[in-house]
file data-v9.cif (mmCIF, C-alpha atoms)
data_input
#
loop_
_atom_site.label_atom_id
_atom_site.label_comp_id
_atom_site.auth_asym_id
_atom_site.auth_seq_id
_atom_site.Cartn_x
_atom_site.Cartn_y
_atom_site.Cartn_z
CA MET A 171 2.10 -2.00 -17.84
CA ASN A 172 3.97 -4.75 -16.04
CA ILE A 173 4.01 -4.08 -12.30
CA ALA A 174 5.67 -6.27 -9.66
CA VAL A 175 4.32 -6.11 -6.12
CA VAL A 176 6.24 -7.54 -3.18
CA GLY A 177 4.22 -7.40 0.00
CA SER A 178 1.55 -8.60 2.38
CA ILE A 179 -1.74 -10.45 2.08
CA ASN A 180 -4.25 -10.39 4.97
CA MET A 181 -7.81 -11.19 5.85
CA ASP A 182 -9.51 -8.33 7.72
CA LEU A 183 -11.95 -9.51 10.41
CA VAL A 184 -14.09 -6.50 11.36
CA TYR A 185 -16.33 -6.44 14.44
CA ARG A 186 -18.77 -3.63 15.21
CA VAL A 187 -18.91 -3.04 19.00
CA PRO A 188 -20.55 -0.50 21.32
CA HIS A 189 -17.10 0.53 22.55
CA ILE A 190 -13.54 -0.79 22.39
CA VAL A 191 -13.32 -3.79 24.69
CA LYS A 192 -11.62 -3.22 28.06
CA ALA A 193 -9.32 -5.62 29.88
CA GLY A 194 -11.33 -8.55 31.24
CA GLU A 195 -14.51 -7.44 29.48
CA THR A 196 -16.66 -9.54 27.14
CA LEU A 197 -18.71 -7.70 24.52
CA HIS A 198 -21.31 -8.78 22.00
CA SER A 199 -20.52 -7.58 18.47
CA THR A 200 -23.50 -6.13 16.61
CA ASN A 201 -22.05 -6.88 13.16
CA HIS A 202 -19.18 -8.85 11.65
CA ASP A 203 -17.58 -8.56 8.21
CA VAL A 204 -14.67 -10.33 6.53
CA PHE A 205 -12.71 -8.35 3.93
CA PHE A 206 -9.61 -9.06 1.88
CA GLY A 207 -6.68 -6.91 2.96
CA GLY A 208 -2.94 -6.51 3.35
CA LYS A 209 -1.21 -3.45 1.96
CA GLY A 210 0.51 -5.37 -0.82
CA ALA A 211 -2.68 -7.12 -1.91
CA ASN A 212 -4.69 -3.89 -1.76
CA GLN A 213 -2.21 -2.15 -4.05
CA ALA A 214 -1.98 -5.13 -6.40
CA VAL A 215 -5.74 -5.50 -6.97
CA THR A 216 -6.04 -1.78 -7.64
CA ALA A 217 -3.31 -1.90 -10.29
CA GLY A 218 -4.75 -5.10 -11.77
CA GLN A 219 -8.24 -3.68 -12.08
CA LEU A 220 -6.81 -0.58 -13.75
CA GLY A 221 -5.35 -2.69 -16.54
CA ALA A 222 -1.82 -3.51 -15.38
CA ASP A 223 -0.25 -6.95 -15.61
CA VAL A 224 0.57 -7.54 -11.95
CA ASN A 225 2.95 -10.17 -10.58
CA PHE A 226 2.68 -10.61 -6.82
CA ILE A 227 5.49 -12.02 -4.68
CA GLY A 228 4.45 -12.95 -1.14
CA ASN A 229 2.83 -15.58 1.06
CA VAL A 230 -0.55 -16.83 2.21
CA GLY A 231 -1.21 -19.57 4.74
CA VAL A 232 -1.97 -23.23 4.28
CA ASP A 233 -5.58 -22.61 5.30
CA VAL A 234 -9.01 -21.63 4.02
CA PHE A 235 -8.19 -17.92 4.25
CA GLY A 236 -5.16 -18.53 2.02
CA ASP A 237 -7.27 -20.26 -0.62
CA GLN A 238 -9.83 -17.45 -0.52
CA ALA A 239 -7.16 -14.75 -0.78
CA LEU A 240 -5.54 -16.41 -3.79
CA GLN A 241 -8.88 -16.78 -5.56
CA ASN A 242 -9.70 -13.13 -4.90
CA LEU A 243 -6.36 -11.94 -6.30
CA GLN A 244 -6.81 -14.05 -9.42
CA THR A 245 -10.34 -12.71 -9.92
CA LYS A 246 -8.96 -9.16 -9.80
CA ARG A 247 -6.31 -9.78 -12.47
CA VAL A 248 -3.28 -10.47 -10.27
CA ASN A 249 -0.80 -13.22 -11.24
CA THR A 250 -0.36 -15.42 -8.14
CA ALA A 251 2.28 -17.85 -9.48
CA ALA A 252 4.93 -16.39 -7.14
CA ILE A 253 2.76 -16.58 -3.99
CA LYS A 254 3.79 -19.39 -1.63
CA LYS A 255 1.56 -21.18 0.88
CA VAL A 256 3.21 -21.46 4.29
CA GLY A 257 2.08 -21.16 7.91
CA LEU A 258 -1.13 -19.23 8.58
CA THR A 259 -2.59 -16.39 6.53
CA GLY A 260 -2.05 -12.92 8.00
CA GLN A 261 -5.03 -11.40 9.76
CA ALA A 262 -6.15 -8.05 11.08
CA ILE A 263 -8.70 -8.27 13.89
CA ILE A 264 -10.46 -4.91 13.91
CA GLN A 265 -12.91 -3.51 16.46
CA VAL A 266 -14.98 -0.56 15.23
CA ALA A 267 -16.86 1.26 17.99
CA ASP A 268 -20.16 3.09 17.51
CA SER A 269 -18.17 6.31 18.07
CA GLY A 270 -16.05 5.50 15.00
CA GLU A 271 -12.97 4.71 17.11
CA ASN A 272 -11.15 1.55 16.12
CA SER A 273 -8.64 -0.88 17.58
CA ILE A 274 -6.57 -3.32 15.51
CA VAL A 275 -4.67 -6.48 16.39
CA LEU A 276 -2.37 -7.48 13.51
CA PHE A 277 -1.22 -11.07 13.10
CA ALA A 278 1.52 -11.08 10.47
CA GLY A 279 1.41 -14.85 9.93
CA ALA A 280 2.74 -15.94 6.53
CA ASN A 281 3.72 -12.37 5.65
CA PHE A 282 6.64 -12.53 8.08
CA LEU A 283 7.81 -15.76 6.46
CA VAL A 284 8.75 -14.01 3.19
CA THR A 285 12.49 -14.64 2.86
CA THR A 286 15.35 -13.22 0.81
CA GLU A 287 15.69 -16.66 -0.79
CA GLN A 288 12.10 -16.40 -1.98
CA ILE A 289 12.71 -12.95 -3.45
CA GLN A 290 15.88 -14.17 -5.16
CA SER A 291 14.03 -17.10 -6.71
CA GLU A 292 11.47 -14.72 -8.25
CA ARG A 293 13.88 -11.98 -9.33
CA ASP A 294 12.94 -12.51 -12.99
CA LYS A 295 9.46 -11.13 -12.26
CA ILE A 296 10.95 -7.98 -10.76
CA GLU A 297 13.48 -7.58 -13.59
CA ALA A 298 10.71 -7.88 -16.20
CA SER A 299 8.57 -5.17 -14.61
CA ASN A 300 8.07 -1.52 -15.52
CA ALA A 301 7.65 -0.60 -11.84
CA LEU A 302 8.07 -2.21 -8.42
CA LEU A 303 5.61 -1.56 -5.59
CA LEU A 304 6.84 -2.10 -2.01
CA GLN A 305 5.47 -1.65 1.52
CA LEU A 306 6.76 -2.63 4.98
CA GLU A 307 4.45 -5.44 6.18
CA ILE A 308 7.02 -8.13 5.32
CA PRO A 309 10.56 -8.52 6.73
CA MET A 310 12.87 -5.64 5.84
CA PRO A 311 15.62 -7.86 4.32
CA ALA A 312 13.10 -9.06 1.71
CA VAL A 313 12.07 -5.47 0.94
CA GLU A 314 15.69 -4.35 0.60
CA LEU A 315 16.63 -7.23 -1.71
CA ALA A 316 13.65 -6.58 -3.99
CA ALA A 317 14.68 -2.91 -4.17
CA ASN A 318 18.29 -3.87 -4.95
CA ILE A 319 17.18 -6.12 -7.84
CA ALA A 320 15.00 -3.37 -9.32
CA ALA A 321 17.64 -0.67 -8.84
CA GLN A 322 20.27 -2.75 -10.66
CA LYS A 323 17.96 -2.80 -13.71
CA GLY A 324 16.95 0.87 -13.43
CA ILE A 325 13.32 -0.07 -12.67
CA PRO A 326 11.30 2.65 -10.88
CA ILE A 327 10.60 1.78 -7.22
CA ILE A 328 7.52 3.08 -5.40
CA LEU A 329 7.82 2.54 -1.64
CA ASN A 330 4.88 3.05 0.69
CA PRO A 331 6.71 3.29 4.07
CA ALA A 332 3.94 1.74 6.16
CA PRO A 333 3.67 0.72 8.91
CA ALA A 334 5.81 3.66 10.05
CA GLN A 335 9.38 2.70 10.92
CA GLU A 336 12.95 3.78 10.30
CA ILE A 337 14.39 3.05 6.85
CA SER A 338 18.06 2.84 5.99
CA ASP A 339 19.63 5.55 3.86
CA SER A 340 20.75 2.78 1.51
CA LEU A 341 17.15 1.79 0.76
CA LEU A 342 15.94 5.39 0.54
CA SER A 343 18.61 6.17 -2.06
CA LYS A 344 17.09 3.55 -4.38
CA VAL A 345 13.48 4.79 -4.10
CA SER A 346 12.03 6.61 -7.10
CA ILE A 347 8.84 7.71 -5.33
CA LEU A 348 8.24 7.56 -1.57
CA THR A 349 4.59 7.78 -0.48
CA PRO A 350 4.30 8.39 3.28
CA ASN A 351 1.34 9.84 5.13
CA GLU A 352 1.99 12.65 7.63
CA THR A 353 2.78 10.32 10.53
CA GLU A 354 5.15 8.19 8.46
CA LEU A 355 6.88 11.30 7.12
CA GLU A 356 7.44 12.52 10.67
CA VAL A 357 8.89 9.16 11.75
CA LEU A 358 11.22 9.08 8.74
CA THR A 359 12.54 12.61 9.13
CA GLY A 360 12.01 13.55 12.78
CA LEU A 361 10.51 16.81 11.53
CA LYS A 362 7.08 18.40 12.00
CA THR A 363 4.50 17.94 9.24
CA GLU A 364 1.80 20.43 10.25
CA THR A 365 2.14 23.14 7.59
CA ASP A 366 3.15 23.28 3.94
CA ALA A 367 6.43 24.82 5.06
CA ASP A 368 6.97 21.81 7.36
CA LEU A 369 6.15 19.42 4.52
CA TYR A 370 8.60 21.23 2.23
CA GLN A 371 11.37 20.89 4.79
CA ALA A 372 10.66 17.23 5.52
CA CYS A 373 10.42 16.26 1.84
CA SER A 374 13.60 18.19 1.07
CA SER A 375 15.48 16.17 3.68
CA LEU A 376 14.43 12.95 1.94
CA LEU A 377 15.44 14.22 -1.50
CA GLN A 378 18.87 14.95 -0.03
CA LYS A 379 19.11 11.25 0.84
CA GLY A 380 18.57 10.27 -2.78
CA VAL A 381 14.81 9.75 -2.96
CA GLY A 382 13.60 10.73 -6.42
CA ALA A 383 10.26 12.21 -5.36
CA VAL A 384 8.04 12.31 -2.27
CA VAL A 385 4.25 12.18 -2.39
CA VAL A 386 2.65 12.75 1.01
CA THR A 387 -0.91 11.47 1.29
CA LEU A 388 -2.97 13.75 3.54
CA GLY A 389 -6.34 11.97 3.63
CA GLY A 390 -9.16 14.49 3.43
CA LYS A 391 -6.62 17.28 2.86
CA GLY A 392 -5.39 15.89 -0.46
CA ALA A 393 -1.69 15.34 -1.12
CA TYR A 394 1.61 17.21 -1.18
CA TYR A 395 4.39 16.33 -3.61
CA MET A 396 7.97 17.30 -4.28
CA ASN A 397 10.74 16.29 -6.66
CA ARG A 398 13.84 18.16 -7.78
CA HIS A 399 11.88 20.28 -10.24
CA GLU A 400 8.56 21.14 -8.59
CA HIS A 401 6.47 20.91 -5.48
CA GLY A 402 2.88 21.65 -4.58
CA ARG A 403 -0.37 20.55 -3.05
CA ILE A 404 -3.07 18.48 -4.74
CA GLN A 405 -6.57 19.38 -3.56
CA PRO A 406 -8.77 16.54 -2.27
CA ASN A 407 -11.68 14.98 -4.16
CA ARG A 408 -14.81 15.64 -2.09
CA VAL A 409 -16.86 12.46 -1.63
CA ASP A 410 -19.19 10.89 0.92
CA ALA A 411 -16.74 8.47 2.54
CA LYS A 412 -18.07 5.19 3.95
CA ASP A 413 -14.82 3.39 4.72
CA THR A 414 -11.34 4.89 4.45
CA THR A 415 -9.61 1.51 4.86
CA GLY A 416 -7.20 0.94 2.00
CA ALA A 417 -7.48 4.44 0.53
CA GLY A 418 -3.72 4.94 0.67
CA ASP A 419 -3.12 1.54 -0.89
CA ALA A 420 -5.50 2.28 -3.75
CA PHE A 421 -3.64 5.56 -4.23
CA ASN A 422 -0.31 3.73 -4.53
CA GLY A 423 -1.62 1.14 -6.96
CA ALA A 424 -3.17 3.79 -9.18
CA LEU A 425 -0.07 5.99 -8.95
CA ALA A 426 2.02 3.14 -10.34
CA VAL A 427 -0.43 2.65 -13.21
CA GLY A 428 -0.47 6.37 -14.04
CA LEU A 429 3.31 6.50 -14.19
CA CYS A 430 3.48 3.33 -16.32
CA LYS A 431 1.04 4.98 -18.76
CA GLY A 432 3.59 7.75 -19.21
CA HIS A 433 1.75 10.42 -17.23
CA SER A 434 3.72 13.08 -15.35
CA LEU A 435 4.07 12.82 -11.58
CA LYS A 436 1.38 15.47 -11.03
CA GLU A 437 -0.99 13.85 -13.54
CA SER A 438 -0.44 10.45 -11.90
CA ILE A 439 -1.19 11.89 -8.45
CA LEU A 440 -4.43 13.42 -9.73
CA TYR A 441 -5.42 10.05 -11.24
CA ALA A 442 -4.51 8.19 -8.04
CA SER A 443 -6.52 10.68 -5.99
CA GLU A 444 -9.60 10.01 -8.12
CA VAL A 445 -9.27 6.26 -7.67
CA ALA A 446 -8.71 6.55 -3.91
CA ALA A 447 -11.72 8.87 -3.63
CA PHE A 448 -13.89 6.21 -5.24
CA VAL A 449 -12.54 3.46 -2.98
CA VAL A 450 -13.54 5.30 0.22
CA THR A 451 -17.16 5.39 -0.98
CA GLN A 452 -17.19 1.57 -0.83
CA MET A 453 -16.81 -0.89 2.05
CA GLY A 454 -13.56 -2.81 2.42
CA ALA A 455 -10.08 -2.17 1.09
CA GLN A 456 -10.50 -3.99 -2.25
CA PRO A 457 -13.79 -2.97 -3.88
CA THR A 458 -14.52 -3.50 -7.56
CA ILE A 459 -13.28 -0.45 -9.50
CA PRO A 460 -15.47 0.79 -12.40
CA LEU A 461 -14.20 0.18 -15.93
CA SER A 462 -14.44 3.94 -16.56
CA PHE A 463 -11.12 4.40 -14.72
CA LEU A 464 -9.34 2.26 -17.33
CA ASN A 465 -9.64 5.00 -19.95
CA LYS A 466 -8.45 7.90 -17.82
#

call {"tool": "encode", "arguments": {"input": "data-v9.cif", "output": "structure tokens"}}
result
Amino acid sequence: MNIAVVGSINMDLVYRVPHIVKAGETLHSTNHDVFFGGKGANQAVTAGQLGADVNFIGNVGVDVFGDQALQNLQTKRVNTAAIKKVGLTGQAIIQVADSGENSIVLFAGANFLVTTEQIQSERDKIEASNALLLQLEIPMPAVELAANIAAQKGIPIILNPAPAQEISDSLLSKVSILTPNETELEVLTGLKTETDADLYQACSSLLQKGVGAVVVTLGGKGAYYMNRHEHGRIQPNRVDAKDTTGAGDAFNGALAVGLCKGHSLKESILYASEVAAFVVTQMGAQPTIPLSFLNK
């Protein structure tokens, strides 16, 4: 299972506050945590812990956060040889109110310094992979070039279209599996996503653009999937969730592993749902995953 991940690496700075700070207001935080994050890194460490050989292409900063992020990736079985150090490490500054409401300031930092030249220089890692995992927290030209390299070699491409934004038909036509949530699906298609009939219509419109399959993550409502042969809903795994941060990323990483193991799309979704359900019972987006998942 050789998986290439091209994407983002962040440090998540989480502050617990009585309420979301207002303009001109100063608040005391009652608790502060630092977690490893970034959609690309979250997906990579999930796949690595599930037994895949993961090559990561991306950037961290020339700073302490960058050193810490690299060490964390290496500890969780991710090959960091293709990660450059430039600028400042990406950060997410997150306020979490006592009500559960949150507010996030995202500083892209080194993630937005990933260039097409960098992707081109590491194309051998993409060409040697059994699957390519992509997200949208790095510049779109870098994402599109990585997809082009994989498509030329017939390598399956899993694209998590987050943060939500428009995607060219050219890129969509190269995607083997697209994994939006409801909001991202609505942005991509301009269609409602409230009912199963809505989901069917929206997914169908993406298949018509050349996407191989669509897997819509629905949080506590499970998932909905469609390819050219079948469609249906996957029921959620009921757990006592502590922190839903990174659940979708864990799902994507595990989905890639399931497919690389030779499982069907439905079987891989069920596996990914189990892994994501475990992750939400832990704090942070990159918890240690039990060895028991390796044998499933």

call {"tool": "residues_around", "arguments": {"input": "data-v9.cif", "residues": "range 316-322 of chain A", "least_positions_apart": "6", "cutoff": "7 Å", "atoms": "all atoms listed in the file", "output": "MDAnalysis selection string"}}
result
chainID A and resid 289 293 296:297 344

call {"tool": "closest_atom_pairs", "arguments": {"input": "data-v9.cif", "of": "range 359-464 of chain A", "to": "range 239-250 of chain A", "cutoff": "10 Å", "atoms": "only C-alpha atoms", "output": "CSV"}}
result
residue,atom,partner,partner_atom,distance
A:Gln456,CA,A:Lys246,CA,9.3
A:Pro457,CA,A:Lys246,CA,9.8
A:Thr458,CA,A:Lys246,CA,8.2
A:Ile459,CA,A:Lys246,CA,9.7

call {"tool": "closest_residue", "arguments": {"input": "data-v9.cif", "among": "A:Ser374, A:Ser438, A:Asn180, A:Thr365", "to": "Ile308 in chain A", "atoms": "all atoms listed in the file"}}
result
A:Asn180

call {"tool": "closest_residue", "arguments": {"input": "data-v9.cif", "among": "A:Lys412, A:Asn300, A:Lys379, A:Asn351", "to": "Pro331 in chain A", "atoms": "only C-alpha atoms"}}
result
A:Asn351

call {"tool": "resolve_selection", "arguments": {"input": "data-v9.cif", "expression": "the PyMOL selection byres ((chain A and resi 370) around 12)", "output": "ChimeraX atom specification"}}
result
/A:355,359,361-369,371-377,383-386,394-398,400-403

call {"tool": "write_last_selection", "arguments": {"input": "data-v9.cif", "atoms": "C-alpha atoms", "output": "PDB file, keeping the file's coordinate frame"}}
result
ATOM      1  CA  LEU A 355       6.880  11.300   7.120  1.00  0.00           C
ATOM      2  CA  THR A 359      12.540  12.610   9.130  1.00  0.00           C
ATOM      3  CA  LEU A 361      10.510  16.810  11.530  1.00  0.00           C
ATOM      4  CA  LYS A 362       7.080  18.400  12.000  1.00  0.00           C
ATOM      5  CA  THR A 363       4.500  17.940   9.240  1.00  0.00           C
ATOM      6  CA  GLU A 364       1.800  20.430  10.250  1.00  0.00           C
ATOM      7  CA  THR A 365       2.140  23.140   7.590  1.00  0.00           C
ATOM      8  CA  ASP A 366       3.150  23.280   3.940  1.00  0.00           C
ATOM      9  CA  ALA A 367       6.430  24.820   5.060  1.00  0.00           C
ATOM     10  CA  ASP A 368       6.970  21.810   7.360  1.00  0.00           C
ATOM     11  CA  LEU A 369       6.150  19.420   4.520  1.00  0.00           C
ATOM     12  CA  GLN A 371      11.370  20.890   4.790  1.00  0.00           C
ATOM     13  CA  ALA A 372      10.660  17.230   5.520  1.00  0.00           C
ATOM     14  CA  CYS A 373      10.420  16.260   1.840  1.00  0.00           C
ATOM     15  CA  SER A 374      13.600  18.190   1.070  1.00  0.00           C
ATOM     16  CA  SER A 375      15.480  16.170   3.680  1.00  0.00           C
ATOM     17  CA  LEU A 376      14.430  12.950   1.940  1.00  0.00           C
ATOM     18  CA  LEU A 377      15.440  14.220  -1.500  1.00  0.00           C
ATOM     19  CA  ALA A 383      10.260  12.210  -5.360  1.00  0.00           C
ATOM     20  CA  VAL A 384       8.040  12.310  -2.270  1.00  0.00           C
ATOM     21  CA  VAL A 385       4.250  12.180  -2.390  1.00  0.00           C
ATOM     22  CA  VAL A 386       2.650  12.750   1.010  1.00  0.00           C
ATOM     23  CA  TYR A 394       1.610  17.210  -1.180  1.00  0.00           C
ATOM     24  CA  TYR A 395       4.390  16.330  -3.610  1.00  0.00           C
ATOM     25  CA  MET A 396       7.970  17.300  -4.280  1.00  0.00           C
ATOM     26  CA  ASN A 397      10.740  16.290  -6.660  1.00  0.00           C
ATOM     27  CA  ARG A 398      13.840  18.160  -7.780  1.00  0.00           C
ATOM     28  CA  GLU A 400       8.560  21.140  -8.590  1.00  0.00           C
ATOM     29  CA  HIS A 401       6.470  20.910  -5.480  1.00  0.00           C
ATOM     30  CA  GLY A 402       2.880  21.650  -4.580  1.00  0.00           C
ATOM     31  CA  ARG A 403      -0.370  20.550  -3.050  1.00  0.00           C
TER      32      ARG A 403
END

call {"tool": "residues_near_point", "arguments": {"input": "data-v9.cif", "point": "(-2.3, 1.0, -6.2)", "cutoff": "7 Å", "atoms": "only C-alpha atoms", "output": "PyMOL selection string"}}
result
chain A and resi 213-214+216-217+419-426

call {"tool": "closest_residue", "arguments": {"input": "data-v9.cif", "among": "A:Val345, A:Val450, A:Leu464, A:Ala262", "to": "Thr414 in chain A", "atoms": "all atoms listed in the file"}}
result
A:Val450

call {"tool": "atom_distance", "arguments": {"input": "data-v9.cif", "atom1": "CA of Ala446 in chain A", "atom2": "CA of Gly389 in chain A"}}
result
9.6 Å

call {"tool": "closest_residue", "arguments": {"input": "data-v9.cif", "among": "A:Ile274, A:Leu304, A:Leu358, A:Val176", "to": "Asn225 in chain A", "atoms": "only C-alpha atoms"}}
result
A:Val176

call {"tool": "residues_around", "arguments": {"input": "data-v9.cif", "residues": "Leu306 in chain A", "least_positions_apart": "4", "cutoff": "7 Å", "atoms": "all atoms listed in the file", "output": "number ranges by chain"}}
result
A: 310, 331-333
